[in-house]
file data_18.txt (compact mmCIF, C-alpha atoms)
# COMPACT_ATOMS: atom_id res chain seq x y z
CA MET A 1 142.87 124.67 51.49
CA ILE A 2 142.79 128.14 50.03
CA LEU A 3 142.06 130.30 53.04
CA ASN A 4 142.78 134.02 53.15
CA GLY A 5 144.14 133.54 49.66
CA GLN A 6 146.89 131.33 51.04
CA CYS A 7 147.52 127.67 50.46
CA LEU A 8 147.47 125.74 53.72
CA ARG A 9 149.43 122.96 52.00
CA LEU A 10 147.76 120.07 53.77
CA ALA A 11 147.94 118.49 50.34
CA ASP A 12 149.33 119.53 46.98
CA GLU A 13 146.00 118.49 45.50
CA PRO A 14 142.58 118.14 47.17
CA VAL A 15 142.37 114.99 49.26
CA ARG A 16 139.77 112.42 48.37
CA THR A 17 136.17 113.31 49.17
CA ILE A 18 134.62 111.87 52.32
CA ASN A 19 131.15 110.61 51.50
CA ILE A 20 128.92 110.47 54.55
CA ASP A 21 125.27 109.85 55.20
CA ILE A 22 123.82 113.35 54.96
CA GLN A 23 121.19 112.47 57.54
CA SER A 24 123.86 112.18 60.22
CA ILE A 25 124.99 115.72 59.33
CA ILE A 26 121.41 116.98 59.61
CA ASP A 27 120.81 115.19 62.89
CA ALA A 28 123.97 116.64 64.42
CA ALA A 29 123.38 120.17 63.09
CA GLU A 30 119.68 120.45 63.91
CA ASN A 31 119.46 118.45 67.11
CA ASN A 32 122.80 119.17 68.73
CA PRO A 33 123.25 119.46 72.50
CA LEU A 34 126.55 121.35 72.13
CA MET A 35 125.09 124.76 71.33
CA SER A 36 121.95 126.37 72.67
CA GLU A 37 120.74 127.39 69.21
CA ASN A 38 119.69 125.27 66.25
CA ILE A 39 121.56 125.93 62.98
CA LYS A 40 118.31 126.90 61.26
CA ASP A 41 117.51 129.40 64.01
CA LEU A 42 120.98 130.92 63.63
CA VAL A 43 120.52 131.19 59.86
CA LYS A 44 117.13 132.88 60.29
CA LYS A 45 118.74 135.60 62.43
CA SER A 46 121.56 136.16 59.91
CA GLU A 47 121.69 137.97 56.57
CA ASN A 48 125.32 137.43 55.56
CA ILE A 49 126.78 133.94 56.01
CA LEU A 50 130.31 132.63 55.41
CA PHE A 51 130.57 128.89 54.75
CA ILE A 52 134.05 127.36 55.28
CA ALA A 53 134.59 123.73 54.27
CA SER A 54 137.60 121.44 54.39
CA SER A 55 138.59 120.13 50.98
CA ASP A 56 137.19 116.62 51.45
CA ILE A 57 133.57 117.63 52.11
CA SER A 58 131.11 116.14 49.62
CA GLU A 59 128.73 118.09 47.39
CA GLU A 60 125.77 116.67 49.30
CA VAL A 61 126.85 118.66 52.38
CA TYR A 62 127.07 121.83 50.26
CA ASP A 63 123.53 121.19 49.01
CA TYR A 64 122.26 120.96 52.58
CA ILE A 65 124.00 124.16 53.72
CA PHE A 66 122.86 126.15 50.68
CA ASN A 67 119.31 124.85 51.08
CA ILE A 68 118.99 126.10 54.67
CA CYS A 69 120.70 129.38 53.70
CA SER A 70 118.34 130.02 50.79
CA GLY A 71 117.55 133.74 50.45
CA LYS A 72 120.65 134.80 52.41
CA ASN A 73 123.90 136.31 51.17
CA ILE A 74 126.35 133.40 51.33
CA ALA A 75 130.06 133.16 50.51
CA VAL A 76 132.30 130.07 50.49
CA ILE A 77 135.95 129.42 51.33
CA SER A 78 137.47 126.08 50.33
CA ASP A 79 139.90 124.71 47.78
CA ASN A 80 137.49 122.10 46.47
CA ILE A 81 134.19 123.90 45.88
CA PRO A 82 131.69 121.97 43.71
CA LEU A 83 131.40 123.56 40.28
CA LYS A 84 127.82 124.74 40.74
CA TYR A 85 128.84 126.76 43.83
CA MET A 86 132.05 128.33 42.47
CA GLN A 87 130.26 131.67 41.95
CA TYR A 88 130.05 132.00 45.74
CA GLN A 89 133.80 131.64 46.33
CA THR A 90 135.42 134.39 48.37
CA ILE A 91 139.09 134.89 49.19
CA PHE A 92 140.22 137.45 51.73
CA ASN A 93 142.98 139.60 50.28
CA HIS A 94 145.85 138.55 52.53
CA SER A 95 148.29 140.91 50.82
CA ASN A 96 146.53 143.96 52.27
CA ILE A 97 147.89 144.28 55.80
CA GLU A 98 145.30 146.95 56.53
CA ASP A 99 142.66 144.21 56.47
CA TYR A 100 144.06 142.70 59.67
CA LEU A 101 143.66 143.73 63.28
CA PHE A 102 146.48 142.98 65.75
CA PHE A 103 145.41 141.34 69.01
CA GLY A 104 148.87 140.78 70.52
CA ALA A 105 151.09 137.70 70.59
CA SER A 106 149.82 134.24 71.48
CA ALA A 107 151.31 131.72 73.90
CA GLY A 108 153.22 130.30 70.94
CA ARG A 109 154.66 133.76 70.23
CA ALA A 110 152.69 134.06 66.99
CA PRO A 111 151.30 137.53 66.20
CA MET A 112 147.51 137.26 66.27
CA LEU A 113 146.38 139.09 63.13
CA VAL A 114 142.64 138.63 62.53
CA ASN A 115 140.99 139.60 59.25
CA LYS A 116 138.48 142.38 59.91
CA ASN A 117 136.42 141.32 56.86
CA ILE A 118 134.86 138.60 58.99
CA ASN A 119 132.84 141.43 60.52
CA ASP A 120 130.89 141.50 57.25
CA TYR A 121 129.29 138.19 58.20
CA ASP A 122 126.66 137.59 60.86
CA LEU A 123 127.35 133.86 60.98
CA ILE A 124 130.20 131.53 60.02
CA ILE A 125 129.39 127.88 59.37
CA VAL A 126 132.40 125.55 59.40
CA VAL A 127 132.22 121.94 58.18
CA SER A 128 135.43 119.96 58.57
CA THR A 129 136.65 116.42 58.93
CA VAL A 130 138.70 115.67 62.05
CA MET A 131 141.80 113.53 61.87
CA ILE A 132 144.97 112.91 63.85
CA ASN A 133 147.70 115.26 62.69
CA ALA A 134 151.45 115.23 63.24
CA TYR A 135 151.89 118.88 64.20
CA GLY A 136 148.59 120.18 65.58
CA GLY A 137 147.44 117.05 67.42
CA PHE A 138 144.22 117.02 65.43
CA LEU A 139 142.90 118.82 62.38
CA GLY A 140 139.26 119.88 62.26
CA SER A 141 137.06 122.94 62.47
CA ILE A 142 139.47 124.61 64.91
CA THR A 143 142.30 124.62 62.37
CA THR A 144 140.01 125.29 59.41
CA LEU A 145 138.45 128.35 61.04
CA PHE A 146 141.77 129.59 62.41
CA ASN A 147 143.33 129.65 58.96
CA ALA A 148 140.28 131.36 57.51
CA VAL A 149 140.29 134.34 59.87
CA THR A 150 143.99 134.90 60.60
CA ALA A 151 146.83 136.22 58.44
CA PRO A 152 149.29 133.90 56.65
CA LYS A 153 151.99 135.44 58.85
CA THR A 154 150.14 134.17 61.92
CA CYS A 155 149.79 130.64 60.51
CA ALA A 156 153.45 130.50 59.51
CA ALA A 157 154.59 131.81 62.91
CA VAL A 158 152.60 129.13 64.73
CA ILE A 159 154.29 126.37 62.73
CA LYS A 160 157.75 127.96 62.93
CA ASN A 161 157.64 128.39 66.70
CA ALA A 162 156.43 124.84 67.12
CA LEU A 163 159.34 123.56 65.03
CA GLN A 164 161.83 125.56 67.06
CA ASP A 165 160.36 124.36 70.36
CA SER A 166 160.39 120.79 69.13
CA LEU A 167 164.08 120.81 68.32
CA TYR A 168 164.46 120.18 72.04
CA ASN A 169 161.30 118.21 72.74
CA ILE A 170 159.70 116.52 69.73
CA GLN A 171 156.92 115.17 71.93
CA LYS A 172 155.44 118.66 72.14
CA ILE A 173 154.08 118.04 68.67
CA SER A 174 152.77 114.59 67.98
CA CYS A 175 149.75 112.87 66.51
CA GLY A 176 146.80 113.19 68.86
CA LEU A 177 148.63 115.39 71.41
CA THR A 178 146.98 118.72 72.27
CA ILE A 179 147.96 119.40 75.90
CA ARG A 180 150.99 121.74 75.96
CA ASN A 181 151.22 121.42 72.17
CA PRO A 182 152.42 124.89 71.02
CA VAL A 183 150.57 124.69 67.69
CA TYR A 184 147.27 123.67 69.25
CA GLU A 185 147.56 126.21 72.06
CA SER A 186 148.36 129.04 69.65
CA ILE A 187 145.43 128.14 67.43
CA ARG A 188 143.10 127.88 70.41
CA GLU A 189 144.21 131.25 71.75
CA GLY A 190 143.89 132.80 68.30
CA LEU A 191 140.34 131.54 67.92
CA ILE A 192 139.35 132.76 71.37
CA THR A 193 140.72 136.17 70.38
CA ALA A 194 138.98 136.14 67.02
CA GLY A 195 135.84 134.76 68.64
CA LYS A 196 134.97 138.21 69.91
CA ALA A 197 134.12 139.03 66.32
CA VAL A 198 133.07 135.60 65.04
CA HIS A 199 129.75 133.86 65.65
CA ALA A 200 130.58 130.37 64.40
CA PHE A 201 128.67 127.11 64.14
CA ALA A 202 130.93 124.11 63.57
CA ILE A 203 130.16 120.65 62.20
CA ASN A 204 132.95 118.13 62.85
CA ILE A 205 133.17 114.74 61.14
CA ASP A 206 135.41 111.89 62.27
CA ALA A 207 137.40 110.85 59.17
CA ASP A 208 139.60 107.80 59.58
CA TYR A 209 142.12 108.15 56.76
CA ILE A 210 143.86 104.97 57.84
CA ASP A 211 140.78 102.91 57.01
CA ILE A 212 139.67 105.09 54.12
CA LYS A 213 138.14 102.21 52.13
CA GLU A 214 135.57 101.58 54.85
CA PRO A 215 135.29 104.88 56.76
CA LYS A 216 133.17 104.97 59.88
CA HIS A 217 131.96 108.44 60.82
CA SER A 218 130.75 110.22 63.93
CA VAL A 219 129.44 113.78 63.67
CA PHE A 220 129.11 116.52 66.28
CA ALA A 221 127.90 120.07 65.70
CA GLY A 222 127.71 123.26 67.71
CA ASP A 223 130.45 125.08 69.58
CA THR A 224 133.71 125.13 67.58
CA PHE A 225 135.87 123.69 70.35
CA ILE A 226 133.42 121.37 72.07
CA SER A 227 132.21 119.70 68.87
CA GLN A 228 135.74 118.98 67.69
CA ILE A 229 136.83 117.70 71.10
CA GLU A 230 133.86 115.28 71.06
CA VAL A 231 135.12 113.83 67.78
CA GLN A 232 138.71 113.75 69.08
CA ASN A 233 137.47 111.67 72.01
CA ILE A 234 135.83 109.22 69.58
CA ILE A 235 139.11 108.86 67.67
CA ASP A 236 141.14 108.51 70.88
CA ASN A 237 138.80 105.81 72.18
CA LYS A 238 139.06 103.88 68.91
CA TYR A 239 142.84 103.84 69.17
CA LYS A 240 142.79 102.88 72.86
CA ALA A 241 140.46 99.99 72.08
CA GLN A 242 142.86 98.52 69.55
CA THR A 243 144.99 95.53 70.44
CA PRO A 244 148.50 96.67 71.38
CA PRO A 245 150.62 96.42 68.22
CA ALA A 246 153.19 93.72 67.72
CA LEU A 247 156.69 95.14 67.98
CA TYR A 248 159.18 94.67 65.17
CA ASP A 249 162.85 95.45 64.74
CA GLY A 250 162.24 96.24 61.08
CA ILE A 251 159.20 97.48 59.18
CA LEU A 252 158.66 98.13 55.50
CA LEU A 253 155.79 100.56 54.92
CA ASN A 254 154.52 100.47 51.33
CA THR A 255 152.37 103.51 50.71
CA ASP A 256 151.13 106.02 48.19
CA CYS A 257 151.20 109.43 49.82
CA TYR A 258 148.23 110.70 47.72
CA ASN A 259 150.03 114.06 47.73
CA ASN A 260 148.74 114.32 51.28
CA VAL A 261 151.24 115.38 53.93
CA VAL A 262 148.80 114.75 56.78
CA TYR A 263 148.08 111.19 55.75
CA LEU A 264 151.72 110.26 55.22
CA THR A 265 153.05 111.73 58.47
CA THR A 266 150.20 110.06 60.37
CA LEU A 267 151.23 106.70 58.92
CA ILE A 268 154.85 107.34 59.88
CA GLU A 269 153.82 108.12 63.48
CA ILE A 270 151.68 104.99 63.74
CA TYR A 271 154.25 102.57 62.37
CA CYS A 272 157.15 104.03 64.34
CA LYS A 273 155.19 103.04 67.44
CA ARG A 274 155.28 99.42 66.21
CA LEU A 275 159.07 99.36 66.25
CA GLN A 276 161.18 98.03 69.06
CA LYS A 277 163.73 100.42 70.53
CA GLY A 278 166.46 100.79 67.95
CA GLY A 279 164.23 99.34 65.25
CA ARG A 280 164.44 100.55 61.69
CA LEU A 281 161.67 101.82 59.42
CA LEU A 282 161.76 101.72 55.64
CA ILE A 283 159.18 103.81 53.80
CA ASN A 284 158.60 102.86 50.20
CA ILE A 285 156.65 105.85 48.90
CA ASN A 286 155.44 104.94 45.45
CA ASP A 287 154.02 108.39 44.70
CA MET A 288 156.88 110.87 44.84
CA GLN A 289 155.05 113.88 43.42
CA SER A 290 154.90 115.70 46.76
CA PHE A 291 158.71 115.73 46.85
CA GLY A 292 159.07 117.30 43.43
CA ASN A 293 158.58 121.03 43.98
CA ASN A 294 161.54 123.41 44.07
CA ILE A 295 160.73 124.90 47.49
CA PHE A 296 160.65 121.47 49.11
CA GLN A 297 163.97 120.46 47.54
CA GLU A 298 165.56 123.75 48.58
CA ILE A 299 164.52 123.22 52.21
CA PHE A 300 165.87 119.67 52.10
CA ASN A 301 169.30 121.13 51.33
CA LYS A 302 169.39 122.57 54.87
CA ASN A 303 171.70 120.48 56.99
CA THR A 304 170.25 120.93 60.47
CA LEU A 305 166.83 120.91 62.07
CA ALA A 306 167.39 124.47 63.29
CA GLU A 307 168.02 125.64 59.72
CA ILE A 308 164.89 123.86 58.53
CA ALA A 309 162.85 125.62 61.23
CA ASP A 310 164.38 128.96 60.27
CA ALA A 311 163.40 128.37 56.64
CA VAL A 312 159.71 128.55 57.45
CA ASP A 313 157.95 131.54 55.92
CA GLU A 314 154.47 132.47 54.75
CA THR A 315 154.68 130.53 51.50
CA ASN A 316 156.29 127.22 52.38
CA TYR A 317 155.66 126.35 56.02
CA MET A 318 153.94 123.05 55.33
CA GLU A 319 156.79 121.86 53.09
CA SER A 320 159.16 122.93 55.87
CA PHE A 321 157.29 120.80 58.35
CA TYR A 322 157.23 117.86 55.94
CA ALA A 323 161.02 118.01 55.67
CA PHE A 324 161.33 118.44 59.43
CA ILE A 325 159.20 115.39 60.22
CA LEU A 326 161.09 113.12 57.84
CA LYS A 327 164.44 114.38 59.08
CA TYR A 328 163.37 113.88 62.69
CA TYR A 329 162.61 110.24 62.07
CA THR A 330 166.02 109.70 60.48
CA LEU A 331 167.51 110.53 63.88
CA ASN A 332 165.65 107.61 65.46
CA TYR A 333 165.00 105.11 62.69
CA HIS A 334 166.46 104.24 59.33
CA ILE A 335 164.11 105.66 56.69
CA ALA A 336 164.46 104.49 53.11
CA LEU A 337 162.87 106.12 50.11
CA PRO A 338 162.70 104.64 46.60
CA TYR A 339 165.70 105.21 44.36
CA ASN A 340 165.03 108.34 42.30
CA GLU A 341 167.78 109.67 40.07
CA LYS A 342 166.43 113.23 40.05
CA LEU A 343 165.99 113.50 43.82
CA ASN A 344 168.86 111.36 45.09
CA PRO A 345 171.33 114.24 45.70
CA VAL A 346 168.71 116.22 47.60
CA LEU A 347 167.56 113.25 49.69
CA ARG A 348 171.09 112.21 50.55
CA GLN A 349 172.05 115.72 51.61
CA ALA A 350 169.04 115.74 53.92
CA GLY A 351 170.31 112.58 55.61
CA LEU A 352 167.82 110.27 53.88
CA ASN A 353 169.14 107.19 52.12
CA PRO A 354 167.39 106.19 48.89
CA LEU A 355 167.70 102.44 48.37
CA LYS A 356 167.24 100.31 45.30
CA GLU A 357 164.73 97.46 45.49
CA ASP A 358 167.39 94.78 46.10
CA GLU A 359 168.95 96.89 48.87
CA MET A 360 165.58 97.26 50.60
CA GLN A 361 164.98 93.51 50.45
CA ASN A 362 168.48 92.76 51.78
CA PHE A 363 167.93 95.16 54.64
CA LEU A 364 164.65 93.53 55.61
CA SER A 365 166.04 90.03 55.32
CA ASN A 366 168.59 90.97 57.98
CA CYS A 367 165.83 91.89 60.44
CA ASN A 368 164.97 89.09 62.85
CA ASN A 369 161.41 90.26 63.34
CA LYS A 370 159.98 92.23 60.45
CA GLY A 371 156.58 93.42 59.30
CA ILE A 372 155.36 94.56 55.90
CA PHE A 373 152.37 96.86 55.70
CA GLU A 374 150.63 97.79 52.45
call {"tool": "encode", "arguments": {"input": "data_18.txt", "output": "structure tokens"}}
result
Amino acid sequence: MILNGQCLRLADEPVRTINIDIQSIIDAAENNPLMSENIKDLVKKSENILFIASSDISEEVYDYIFNICSGKNIAVISDNIPLKYMQYQTIFNHSNIEDYLFFGASAGRAPMLVNKNINDYDLIIVVSTVMINAYGGFLGSITTLFNAVTAPKTCAAVIKNALQDSLYNIQKISCGLTIRNPVYESIREGLITAGKAVHAFAINIDADYIDIKEPKHSVFAGDTFISQIEVQNIIDNKYKAQTPPALYDGILLNTDCYNNVVYLTTLIEIYCKRLQKGGRLLININDMQSFGNNIFQEIFNKNTLAEIADAVDETNYMESFYAFILKYYTLNYHIALPYNEKLNPVLRQAGLNPLKEDEMQNFLSNCNNKGIFE
């Protein structure tokens, strides 16, 4: 997402659009029990409105928001704005440090720098899908709004501190974990701080990227935190209701990463849980484009997790985390990537072992209890 003029790097390209019954959005936004005021009442009281959308929100949702905001001054922040609404795009100038107000350091040691330009808006409407995420527990309106109102330095510091903390306890950051998660706690504290200046209405949509061909959605609207937590509970309950996975000593995961870091790391988390202790995981990533940028390769040349964490800065923190996650799993499981002549030296130096097709098959054939997941 382009937020504050920065690239959040959740994906190198916009993720696929989530199409959802617009009536469920309307029902949640106009009849919600999670905020005392109806979205239309809030819009009536406001003249200047900022609409922030995650990149996978469909044009139909934009149509609804712009319809209820008719006659108001409206601006949009997203990296996937429908063409007919591009004229409303706004990007806070993150290079001007004078645009940010310092509110002290958060629990995660990140400097809370909040963009004062949000004071130009009477109301912020955030629409975001919610999904399990490998570093923040969950993504949703909380993360989307946080990145829209804070400085890139703040976002990078949150990730960097989480990486450093997790060198000693990886479980502090994990898919679906928010309690004592340094990323989640820093974001929460930052939003509470910024909330003094932000009147926000959030719409959160449950997006199951694992079952993306037949997505099932739940929508909650209202308070930024409460509405996202309601969706998180839905996702948690779905996972708890699943049959405990069969355990394997070897798994081959065939996947296209869709240039989407969130989706890929979520898959890695899920399938690692299906391995017996000491089991080995082979990841056959058919789409290697996300590995191809110079910054990512440069970070992969770091030899230790501490050096990877130290490499995080305002421009590459998501690539840093991507490298960190993959390197972490190599400490516990055997990860294989497809043979790639261009990337082999970089992958090998990072501790990853690219295997040719026959080598992958030989490895799996030596597993007594193996699974193959497309």
call {"tool": "atom_distance", "arguments": {"input": "data_18.txt", "atom1": "CA of Asn204 in chain A", "atom2": "CA of Ser128 in chain A"}}
result
5.3 Å
call {"tool": "residues_around", "arguments": {"input": "data_18.txt", "residues": "range 67-83 of chain A", "least_positions_apart": "5", "cutoff": "7 Å", "atoms": "only C-alpha atoms", "output": "PDB file with C-alpha atoms, keeping the file's coordinate frame"}}
result
ATOM      1  CA  MET A   1     142.870 124.670  51.490  1.00  0.00           C
ATOM      2  CA  ILE A   2     142.790 128.140  50.030  1.00  0.00           C
ATOM      3  CA  LEU A   3     142.060 130.300  53.040  1.00  0.00           C
ATOM      4  CA  PRO A  14     142.580 118.140  47.170  1.00  0.00           C
ATOM      5  CA  LYS A  40     118.310 126.900  61.260  1.00  0.00           C
ATOM      6  CA  VAL A  43     120.520 131.190  59.860  1.00  0.00           C
ATOM      7  CA  GLU A  47     121.690 137.970  56.570  1.00  0.00           C
ATOM      8  CA  ASN A  48     125.320 137.430  55.560  1.00  0.00           C
ATOM      9  CA  ILE A  49     126.780 133.940  56.010  1.00  0.00           C
ATOM     10  CA  LEU A  50     130.310 132.630  55.410  1.00  0.00           C
ATOM     11  CA  PHE A  51     130.570 128.890  54.750  1.00  0.00           C
ATOM     12  CA  ILE A  52     134.050 127.360  55.280  1.00  0.00           C
ATOM     13  CA  ALA A  53     134.590 123.730  54.270  1.00  0.00           C
ATOM     14  CA  SER A  54     137.600 121.440  54.390  1.00  0.00           C
ATOM     15  CA  SER A  55     138.590 120.130  50.980  1.00  0.00           C
ATOM     16  CA  GLU A  59     128.730 118.090  47.390  1.00  0.00           C
ATOM     17  CA  TYR A  88     130.050 132.000  45.740  1.00  0.00           C
ATOM     18  CA  GLN A  89     133.800 131.640  46.330  1.00  0.00           C
ATOM     19  CA  THR A  90     135.420 134.390  48.370  1.00  0.00           C
ATOM     20  CA  ILE A  91     139.090 134.890  49.190  1.00  0.00           C
TER      21      ILE A  91
END
call {"tool": "atom_distance", "arguments": {"input": "data_18.txt", "atom1": "CA of Glu37 in chain A", "atom2": "CA of Met112 in chain A"}}
result
28.7 Å
